[in-house]
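Notes to accompany the following structure.
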Amino acid sequence: MTEVRTRFAPSPTGFFHIGSARTALFNWLYARHTGGTFVLRIEDTDTARNTKEFLDVILESMRWLGMDWDEGPEVGGDYGPYFQSQRKDFYKQKVRELMDCGRAYEKDGAIWFRLEGERETVTETYKDGSTGETICKEFERVHAAPVVIDDIIRGRVERAEDRDFVIVRSNGEPVFHLVNVVDDIAMKITHVIRGEDHLSNTSKHIELYKAFGVEPPKFAHIPLILKTEGSGKMSKRDRGALIEEYQQRHFLPAAVRNYLCLLGWTPKDDKEILPIEEIIAQFDLADVHQANARFDERKMAFVNQEYLRALPDESFTWLAAPILGEAGLVNDKTDEDYIQKVIALTKEKVAALDTFPSFVRYFFEDSVAIDEKALAKISKKNDPYARCEELLPELANLPDFEDATVDALFGKLSAERGIKLSDYYAPLRLAVSGLGGGPHLQGILRLLGKEKVIARVKAFLAGKKS
RNA sequence: GCCCUUAUCGUCUAGCCCGGUCAGGACAUCUCCCUUUCACGGAGGUAACUUGAGUUCGAAUCUCAAUAAGGGCGCCA
């Protein structure tokens with residue numbers, strides 16, 4: 001049994017797509033599951049771009065998701081170089097080999113791969129995808145024997161190529177199909193795990209393997225990730241399509257990774273949220289699904305929330321505090337102890353870190369924006385202004401804002417006026433925070449302090465007249 | 001147009017290989033309980049085998065077809 005070698009071969013384009021991330025993840029998982037080797041190879045044949053910056057996007061995103069590679073950029077390996085831009089001489093040599101044995105030829109300045117089989121010249125008409133124009137084109141159809149793709153996920157797939165294809169462009173650049181196969185052979189890749197969009201192209205690749213006299217690797221074509229709504233696969237313009245978006249929105253990387261695993265694969269028991277070690281132990285290519293999966297932002301958010309809740313207090317504080325600074329709510333002058341108290345009070349109620357600033361804004365800003373929806377909801381069964389009117393003088397008379405003192409006041413008022421105790425909570429919460437939800441009311445009052453609470457209740461009442 | 005792949009609740013899916021289940025779980029949604037506030041939590045509800053043939057005593061499960069969805073047919077990767 002030879003050692004498993006998987007690879008992820010991204011092209012540095014400046015962003016890291018969620019589909020690419022999952023492909024990388026499945027390659028990584030399978031290598032880790034089998035104790036094999038995970039290779040990272042950069043397909044940067046398009047040298048015109050700023051590859052250093054674009055490369056960093058990929059490397060950083062991979063690391064952010066907790067993926068490491070055994071061979072590739074920055075770590076090296078025995079089968080390098082791992083940048084296609086540095087392997088051009090090697091490709092030339094392999095193309096030479098194909099030409100020497102008659103499997104490649106030059107035409108129109110480009111180099112074509114020659115299929116084996118009977119040939120006939122045919123004319124086909126088809127609509128151009130972008131312009132919609134009908135194009136007539138003459139080409140040489142080859143009746144090549146079908147190629148068998150033995151796919152771990154799809155099973156046996158048969159497909160025949162019917163025309164020669166370009167392997168080196170007229171500008172001298174080798175094309176994807178060629179370099180992909182040549183590198184996979186050179187790097188001794190045993191399992192090619194990639195998106196199903198490559199399944200049809202696999203017949204080209206197998207033809208190349210055969211021409212080189214090499215046994216093809218095992219293939220595993222994983223399902224695609226589709227848009228939440230509408231048709232087609234996730235494109236970079238779709239919300240949630242880019243890994244950088246999750247970084248910016250302060251998703252927890254382990255949560256993103258966990259959710260990604262759930263798209264096209266399911267753990268054996270009913271537990272969906274599980275540590276990566278357990279996923280590695282369970283993951284197997286044979287269990288990967290065949291049908292495409294639709295991306296669901298809400299479930300992603302749920303998984304993230306679960307990971308957030310499971311975070312130890314210190315870790316949460318460590319993550320949350322800088323986010324408040326980023327949002328401009330706190331700065332060097334803000335009392336550190338106060339920040340800690342706010343975070344401690346709100347931690348268990350926070351659903352996501354990107355909404356954390358708006359969730360605690362009122363602790364740091366004096367002007368409170370009243371949530372109209374919350375106001376309307378409360379007003380349905382209660383008169384928030386009347387309740388605050390009643391509370392205002394009483395709050396002013398309170399000696400302190402300890403929980404017991406505040407509770408006693410609520411109790412006294414509700415008994416005197418024959419109003420439900422809870423009818424005081426929501427109006428007061430709205431007046432001091434502007435929101436319909438949040439942490440324990442008593443905690444809010446205690447942290448804000450008497451002065452601010454009184455001022456905000458007054459401001460709330462003043463807002464009624466306008 | 002040609003080729004390849006796929007098809008279970010709104011979404012992710014279990015079950016399919018080796019026919020007999022009240023077709024299970026999760027997200028979302030709704031109801032109730034807990035909490036005299038917020039949320040978590042707990043209990044429950046609504047909700048699916050694409051259609052049509054065939055094989056069979058019996059089909060989500062096996063076969064075929066139709067339909068639908070996705071992908072590929074570039075001197076993109």
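Simple scheme: letters A, B, ... for chains in structure tokens order, numbers from 1 for residues in each chain, numbers from 1 for ligands in the order shown.
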Could you work out which residues of chain B fall inside 8 Å of chain A? Count only C-alpha atoms (C1' of nucleotides), and format the result as an MDAnalysis selection string. chainID B and resid 1 3:7 11:13 25:28 36:40 70:72 75 77
Out of region 200-325 of chain A, which residues get strand (DSSP E) from DSSP, as a ChimeraX atom specification? /A:218-222,225-226,293-294
Saved selection, atoms kept: C-alpha atoms, as a compact mmCIF listing (two decimals), in the first residue's frame:
# COMPACT_ATOMS: atom_id res chain seq x y z
CA LYS A 218 -7.63 7.72 -8.04
CA PHE A 219 -10.16 10.45 -8.69
CA ALA A 220 -12.78 11.83 -6.31
CA HIS A 221 -15.06 14.49 -7.73
CA ILE A 222 -16.86 16.26 -4.94
CA ILE A 225 -21.73 24.41 -3.57
CA LEU A 226 -24.76 26.13 -5.03
CA ALA A 293 -25.42 21.31 -1.81
CA ARG A 294 -27.00 24.70 -1.42
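Here CA of Ile206 (chain A) stands at a distance of 15.9 Å from CA of Val95 (chain A).
For the choices A:Arg387, A:Ala327, A:Glu106, A:Asn382, the atom-to-atom distance to Val360 (chain A) is smallest for A:Ala327 when using only C-alpha atoms.
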Name all residues at most 12 Å from Lys450 (chain A) (count only C-alpha atoms (C1' of nucleotides); drop same-chain ones fewer than 2 positions away) and give them as a PyMOL selection string. chain A and resi 392-402+406+432+442+444-448+452-457
So that I can check the surroundings of Arg163 (chain A), please list as a PDB file with C-alpha atoms, in the first residue's frame every protein, DNA and RNA residue that reaches within 7 Å of it, counting only C-alpha atoms (C1' of nucleotides) and ignoring chain neighbours fewer than 3 positions away.
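Okay, around01.pdb is ready:
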ATOM      1  CA  GLU A 140     -11.789  17.165 -37.000  1.00  0.00           C
ATOM      2  CA  ARG A 141     -13.792  14.674 -35.013  1.00  0.00           C
ATOM      3  CA  VAL A 142     -11.856  11.755 -33.624  1.00  0.00           C
TER       4      VAL A 142
END
Quick one: residues within 10 Å of Glu244 (chain A), only C-alpha atoms (C1' of nucleotides) counted, chain neighbours fewer than 2 positions away excluded, as a ChimeraX atom specification? /A:15-18,57-58,60-61,64,240-242,246-250
Requested write-out: C-alpha atoms of the selected residues, as a CSV table (one decimal), in the first residue's frame:
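The resulting again-v4.csv:
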chain,number,residue,atom,x,y,z
A,15,PHE,CA,-9.5,35.9,-3.3
A,16,PHE,CA,-10.3,32.5,-1.8
A,17,HIS,CA,-13.6,31.0,-2.9
A,18,ILE,CA,-15.7,28.9,-0.5
A,57,VAL,CA,-4.5,35.6,0.4
A,58,ILE,CA,-4.5,31.9,-0.2
A,60,GLU,CA,-3.4,33.2,5.0
A,61,SER,CA,-6.9,31.8,4.4
A,64,TRP,CA,-6.9,30.7,9.2
A,240,GLY,CA,-20.7,34.3,1.9
A,241,ALA,CA,-18.7,33.1,-1.1
A,242,LEU,CA,-15.3,34.4,0.0
A,246,TYR,CA,-15.8,35.4,7.3
A,247,GLN,CA,-12.5,36.7,8.5
A,248,GLN,CA,-13.8,40.3,8.3
A,249,ARG,CA,-17.0,39.4,10.0
A,250,HIS,CA,-15.1,37.7,12.8
Write out as a count of residues only all residues of region 202-423 of chain A that backbone DSSP assigns to helix (DSSP H, G or I). 128
Using only C-alpha atoms (C1' of nucleotides), determine which residues lie at most 12 Å from U50 (chain B), disregarding the query and same-chain residues fewer than 2 positions distant; provide the list as a ChimeraX atom specification. /B:7-8,48,52,60,66-69
Can you write out the residues you just picked, keeping N, CA and C atoms (P, O5', C5', C4', C3', O3' and C1' of nucleotides), as a short mmCIF file (atom, residue, chain, number, x, y, z; two decimals), in the first residue's frame?
data_model
loop_
_atom_site.label_atom_id
_atom_site.label_comp_id
_atom_site.auth_asym_id
_atom_site.auth_seq_id
_atom_site.Cartn_x
_atom_site.Cartn_y
_atom_site.Cartn_z
P A B 7 -28.71 11.15 -6.45
"O5'" A B 7 -29.96 12.15 -6.47
"C5'" A B 7 -29.93 13.29 -5.58
"C4'" A B 7 -31.23 14.06 -5.77
"C3'" A B 7 -32.47 13.25 -5.33
"O3'" A B 7 -33.32 13.89 -4.42
"C1'" A B 7 -32.60 13.88 -7.66
P U B 8 -33.18 15.02 -3.44
"O5'" U B 8 -34.24 14.54 -2.38
"C5'" U B 8 -35.46 13.95 -2.84
"C4'" U B 8 -36.26 13.50 -1.65
"C3'" U B 8 -36.32 14.52 -0.51
"O3'" U B 8 -37.34 15.46 -0.75
"C1'" U B 8 -35.77 12.40 0.37
P A B 48 -44.99 16.55 3.66
"O5'" A B 48 -43.64 16.23 2.90
"C5'" A B 48 -43.34 16.92 1.69
"C4'" A B 48 -42.05 16.38 1.15
"C3'" A B 48 -42.08 14.92 0.73
"O3'" A B 48 -42.57 14.79 -0.60
"C1'" A B 48 -40.16 15.33 2.05
P G B 52 -46.97 9.50 -10.63
"O5'" G B 52 -46.61 8.74 -11.98
"C5'" G B 52 -47.14 9.21 -13.23
"C4'" G B 52 -46.58 8.38 -14.35
"C3'" G B 52 -46.57 6.89 -14.08
"O3'" G B 52 -47.85 6.31 -14.25
"C1'" G B 52 -44.51 7.53 -15.05
P A B 60 -41.91 3.16 -1.43
"O5'" A B 60 -40.84 4.35 -1.38
"C5'" A B 60 -40.67 5.21 -2.50
"C4'" A B 60 -39.27 5.75 -2.54
"C3'" A B 60 -38.21 4.72 -2.92
"O3'" A B 60 -38.03 4.67 -4.32
"C1'" A B 60 -37.55 5.87 -0.95
P A B 66 -35.70 9.57 -21.96
"O5'" A B 66 -36.86 10.43 -21.28
"C5'" A B 66 -38.08 10.67 -21.99
"C4'" A B 66 -39.10 11.32 -21.08
"C3'" A B 66 -38.67 12.66 -20.50
"O3'" A B 66 -38.93 13.73 -21.39
"C1'" A B 66 -39.48 11.29 -18.77
P U B 67 -37.99 14.99 -21.37
"O5'" U B 67 -38.27 15.66 -19.95
"C5'" U B 67 -39.54 16.26 -19.66
"C4'" U B 67 -39.62 16.60 -18.20
"C3'" U B 67 -38.55 17.55 -17.69
"O3'" U B 67 -38.85 18.91 -17.97
"C1'" U B 67 -38.76 15.74 -16.19
P A B 68 -37.67 19.92 -18.24
"O5'" A B 68 -37.10 20.15 -16.77
"C5'" A B 68 -37.91 20.74 -15.76
"C4'" A B 68 -37.25 20.58 -14.42
"C3'" A B 68 -35.84 21.13 -14.33
"O3'" A B 68 -35.81 22.52 -14.08
"C1'" A B 68 -35.88 18.95 -13.42
P A B 69 -34.55 23.35 -14.57
"O5'" A B 69 -33.42 22.94 -13.53
"C5'" A B 69 -33.54 23.30 -12.16
"C4'" A B 69 -32.44 22.66 -11.36
"C3'" A B 69 -31.02 22.98 -11.82
"O3'" A B 69 -30.57 24.23 -11.36
"C1'" A B 69 -31.22 20.66 -11.44
#
Contact residues around Pro275 (chain A) with only C-alpha atoms (C1' of nucleotides) at 12 Å, ignoring same-chain residues under 4 positions, as a list in words: Ala254, Ala255, Arg257, Asn258, Tyr259, Cys261, Pro267, Lys271, Ile279, Ile280, Ala281, Gln282, Tyr307 and Ala310 of chain A
